$ cat data-v3.csv   # CSV, C-alpha atoms
chain,number,residue,atom,x,y,z
X,1,MET,CA,-70.5,-80.4,-23.1
X,2,PRO,CA,-72.1,-79.7,-26.4
X,3,VAL,CA,-73.7,-76.6,-24.8
X,4,LYS,CA,-70.3,-75.1,-23.9
X,5,ASN,CA,-68.9,-75.6,-27.4
X,6,ARG,CA,-72.0,-74.0,-28.9
X,7,ASP,CA,-71.5,-71.0,-26.5
X,8,ARG,CA,-68.0,-70.8,-27.5
X,9,PHE,CA,-68.6,-70.4,-31.2
X,10,SER,CA,-71.7,-68.2,-31.0
X,11,THR,CA,-71.5,-64.8,-32.6
X,12,ALA,CA,-72.5,-63.0,-29.4
X,13,THR,CA,-69.8,-64.7,-27.5
X,14,ARG,CA,-67.2,-64.0,-30.2
X,15,LEU,CA,-68.2,-60.3,-30.3
X,16,ARG,CA,-68.0,-60.0,-26.5
X,17,LEU,CA,-64.5,-61.6,-26.4
X,18,LEU,CA,-63.4,-59.4,-29.3
X,19,GLY,CA,-64.7,-56.3,-27.4
X,20,GLU,CA,-62.9,-57.3,-24.3
X,21,GLN,CA,-59.6,-58.0,-26.1
X,22,THR,CA,-59.9,-54.6,-27.9
X,23,ALA,CA,-60.7,-52.8,-24.7
X,24,ALA,CA,-57.7,-54.5,-23.0
X,25,ARG,CA,-55.4,-53.4,-25.9
X,26,VAL,CA,-56.7,-49.8,-25.8
X,27,TYR,CA,-56.2,-49.7,-22.0
X,28,ARG,CA,-52.7,-51.1,-22.3
X,29,SER,CA,-51.8,-48.5,-25.0
X,30,GLN,CA,-53.1,-45.7,-22.9
X,31,THR,CA,-51.2,-46.7,-19.9
X,32,ARG,CA,-48.0,-47.1,-22.0
X,33,ARG,CA,-48.5,-43.6,-23.4
X,34,GLN,CA,-49.0,-42.2,-19.9
X,35,ALA,CA,-46.0,-44.1,-18.6
X,36,ARG,CA,-43.9,-42.8,-21.5
X,37,ARG,CA,-45.0,-39.2,-21.2
X,38,PRO,CA,-42.4,-37.3,-19.1
X,39,ARG,CA,-43.5,-35.5,-16.0
X,40,LEU,CA,-41.3,-32.5,-16.8
X,41,THR,CA,-42.5,-30.8,-20.0
X,42,GLY,CA,-40.3,-28.4,-22.0
X,43,ARG,CA,-42.2,-25.4,-20.7
X,44,ALA,CA,-41.8,-26.6,-17.1
X,45,ALA,CA,-38.1,-27.1,-17.6
X,46,LEU,CA,-37.7,-23.7,-19.2
X,47,LEU,CA,-39.6,-22.1,-16.3
X,48,ALA,CA,-37.4,-24.0,-13.8
X,49,MET,CA,-34.3,-22.8,-15.5
X,50,VAL,CA,-35.5,-19.2,-15.6
X,51,VAL,CA,-36.4,-19.3,-11.9
X,52,CYS,CA,-33.0,-20.9,-11.0
X,53,SER,CA,-31.1,-18.3,-13.0
X,54,LEU,CA,-33.0,-15.5,-11.3
X,55,ILE,CA,-32.2,-16.9,-7.9
X,56,VAL,CA,-28.5,-17.2,-8.8
X,57,ALA,CA,-28.4,-13.8,-10.4
X,58,LEU,CA,-30.0,-12.1,-7.3
X,59,ALA,CA,-28.2,-14.1,-4.6
X,60,TYR,CA,-25.0,-11.9,-4.6
X,61,PRO,CA,-26.8,-8.5,-4.7
X,62,MET,CA,-29.1,-9.7,-1.9
X,63,ARG,CA,-26.1,-10.8,0.2
X,64,GLN,CA,-24.4,-7.4,-0.4
X,65,TYR,CA,-27.6,-5.6,0.5
X,66,VAL,CA,-28.0,-7.5,3.8
X,67,SER,CA,-24.4,-7.0,4.8
X,68,GLN,CA,-24.5,-3.3,3.9
X,69,ARG,CA,-27.6,-2.9,6.0
X,70,ALA,CA,-25.9,-4.6,8.9
X,71,GLU,CA,-22.9,-2.3,8.5
X,72,ILE,CA,-25.1,0.8,8.4
X,73,ALA,CA,-26.8,-0.4,11.6
X,74,ASP,CA,-23.4,-0.8,13.3
X,75,LEU,CA,-22.3,2.6,12.2
X,76,GLU,CA,-25.5,4.2,13.4
X,77,ARG,CA,-25.0,2.6,16.8
X,78,GLU,CA,-21.4,3.8,16.9
X,79,LYS,CA,-22.5,7.3,16.0
X,80,ARG,CA,-25.1,7.3,18.7
X,81,GLN,CA,-22.6,6.1,21.3
X,82,ALA,CA,-20.1,8.7,20.1
X,83,SER,CA,-22.7,11.5,20.4
X,84,GLU,CA,-23.6,10.3,23.9
X,85,ARG,CA,-19.9,10.4,24.8
X,86,VAL,CA,-19.6,13.9,23.4
X,87,GLU,CA,-22.5,15.0,25.5
X,88,ARG,CA,-21.0,13.6,28.6
X,89,LEU,CA,-17.7,15.3,27.9
X,90,ARG,CA,-19.5,18.6,27.3
X,91,ASP,CA,-21.2,18.2,30.6
X,92,LEU,CA,-17.9,17.5,32.3
X,93,LYS,CA,-16.3,20.5,30.6
X,94,ALA,CA,-19.1,22.7,31.8
X,95,ARG,CA,-18.7,21.4,35.3
X,96,TRP,CA,-15.0,22.1,35.3
X,97,GLN,CA,-15.8,25.7,34.3
X,98,ASP,CA,-17.5,26.1,37.7
X,99,ASP,CA,-14.9,27.1,40.3
X,100,ALA,CA,-16.6,25.3,43.2
X,101,TYR,CA,-16.5,22.0,41.3
X,102,ALA,CA,-12.9,22.5,40.3
X,103,GLU,CA,-12.0,23.3,43.9
X,104,GLN,CA,-13.8,20.2,45.1
X,105,GLN,CA,-12.0,17.9,42.6
X,106,ILE,CA,-8.6,19.4,43.4
X,107,ARG,CA,-9.1,18.9,47.1
X,108,ARG,CA,-10.3,15.3,46.6
X,109,ARG,CA,-7.7,14.2,44.1
X,110,LEU,CA,-4.6,16.1,45.1
X,111,HIS,CA,-5.4,16.2,48.9
X,112,TYR,CA,-5.1,20.0,48.9
X,113,VAL,CA,-6.3,21.9,52.0
X,114,MET,CA,-7.2,25.5,52.5
X,115,PRO,CA,-5.0,27.6,54.8
X,116,GLY,CA,-6.0,26.9,58.4
X,117,GLU,CA,-7.4,23.4,57.8
X,118,THR,CA,-5.7,20.2,58.9
X,119,GLY,CA,-5.4,17.5,56.3
X,120,TYR,CA,-5.7,13.8,57.2
X,121,VAL,CA,-4.8,10.8,55.1
X,122,MET,CA,-6.4,7.5,56.0
X,123,ILE,CA,-4.2,4.5,55.3
X,124,ASP,CA,-5.8,1.2,54.5
X,125,PRO,CA,-4.4,-1.5,56.9
X,126,ASP,CA,-4.0,-4.1,54.1
X,127,THR,CA,-2.0,-1.6,52.0
X,128,ALA,CA,0.2,-0.9,55.1
X,129,ARG,CA,1.0,-4.6,55.5
X,130,GLN,CA,1.8,-5.0,51.9
X,131,SER,CA,4.2,-2.1,51.9
X,132,ARG,CA,6.0,-3.5,55.0
X,133,ALA,CA,6.5,-6.7,53.1
X,134,ASP,CA,8.0,-4.8,50.1
X,135,ARG,CA,10.4,-2.9,52.4
X,136,GLY,CA,12.6,-6.0,52.8
X,137,THR,CA,13.1,-6.0,49.1
X,138,ALA,CA,14.1,-2.3,49.0
X,139,ASP,CA,17.2,-3.0,51.1
X,140,ARG,CA,18.6,-5.4,48.6
X,141,PRO,CA,20.1,-4.7,45.2
X,142,TRP,CA,17.7,-4.8,42.2
X,143,TYR,CA,19.3,-7.9,40.6
X,144,ALA,CA,18.7,-9.9,43.8
X,145,ASN,CA,15.0,-9.0,43.7
X,146,LEU,CA,14.9,-10.0,40.0
X,147,TRP,CA,16.6,-13.3,40.6
X,148,ASP,CA,14.2,-14.1,43.5
X,149,GLY,CA,11.2,-13.3,41.2
X,150,VAL,CA,12.6,-15.8,38.7
X,151,ASP,CA,13.0,-18.4,41.4
X,152,ARG,CA,9.5,-17.9,42.7
X,153,SER,CA,8.0,-18.2,39.2
X,154,ASP,CA,10.0,-21.3,38.5
X,155,ALA,CA,8.9,-22.9,41.8
X,156,SER,CA,5.2,-22.1,41.0
X,157,ALA,CA,5.5,-23.8,37.6
X,158,ARG,CA,6.4,-27.1,39.2
$ encode --input "data-v3.csv" --output "structure tokens"
Amino acid sequence: MPVKNRDRFSTATRLRLLGEQTAARVYRSQTRRQARRPRLTGRAALLAMVVCSLIVALAYPMRQYVSQRAEIADLEREKRQASERVERLRDLKARWQDDAYAEQQIRRRLHYVMPGETGYVMIDPDTARQSRADRGTADRPWYANLWDGVDRSDASAR
């Protein structure tokens, strides 16, 4: 035991302990300074504010720009469609200027025939059956047909 006590009070041991204590104090003070130091400096905060204000200031004009570009694209598409329609109508007008085309369309649409020709009209069988069913309603007064329609719609609702 006397050796330990002598070690404890020797100058070298005291200096070594004093150095370790001083190093521990310095280390603690440095870590405290680093812990106290804010991550966001004044310059960084100012830069962040400037960037945010630029973003806010440019958001509305950019939205307007994008919406106007979309509107311009829509108008150009409508213009292209209108010009295509005008071209089709010009072609149709030019065709109607031709007498042969006009005669063909008149014969087809109005069922006209030239003198000496016999005209035939083909009747669709489904249409003929439907018109026969409608004939029964033609013999009755209009208010009876109206009332039957109301009754039929009321019956279908149930």
$ atom_distance --input "data-v3.csv" --atom1 "atom CA of Leu40 of chain X" --atom2 "atom CA of Ser53 of chain X"
17.9 Å
$ atom_distance --input "data-v3.csv" --atom1 "atom CA of Glu117 of chain X" --atom2 "atom CA of Gln97 of chain X"
25.1 Å
$ atom_distance --input "data-v3.csv" --atom1 "atom CA of Ser10 of chain X" --atom2 "atom CA of Ala23 of chain X"
19.9 Å
$ closest_atom_pairs --input "data-v3.csv" --of "segment 80-144 of chain X" --to "segment 63-75 of chain X" --cutoff "12 Å" --atoms "all atoms listed in the file" --output "JSON lines"
{"residue": "X:Arg80", "atom": "CA", "partner": "X:Leu75", "partner_atom": "CA", "distance": 8.5}
{"residue": "X:Gln81", "atom": "CA", "partner": "X:Leu75", "partner_atom": "CA", "distance": 9.8}
{"residue": "X:Ala82", "atom": "CA", "partner": "X:Leu75", "partner_atom": "CA", "distance": 10.2}
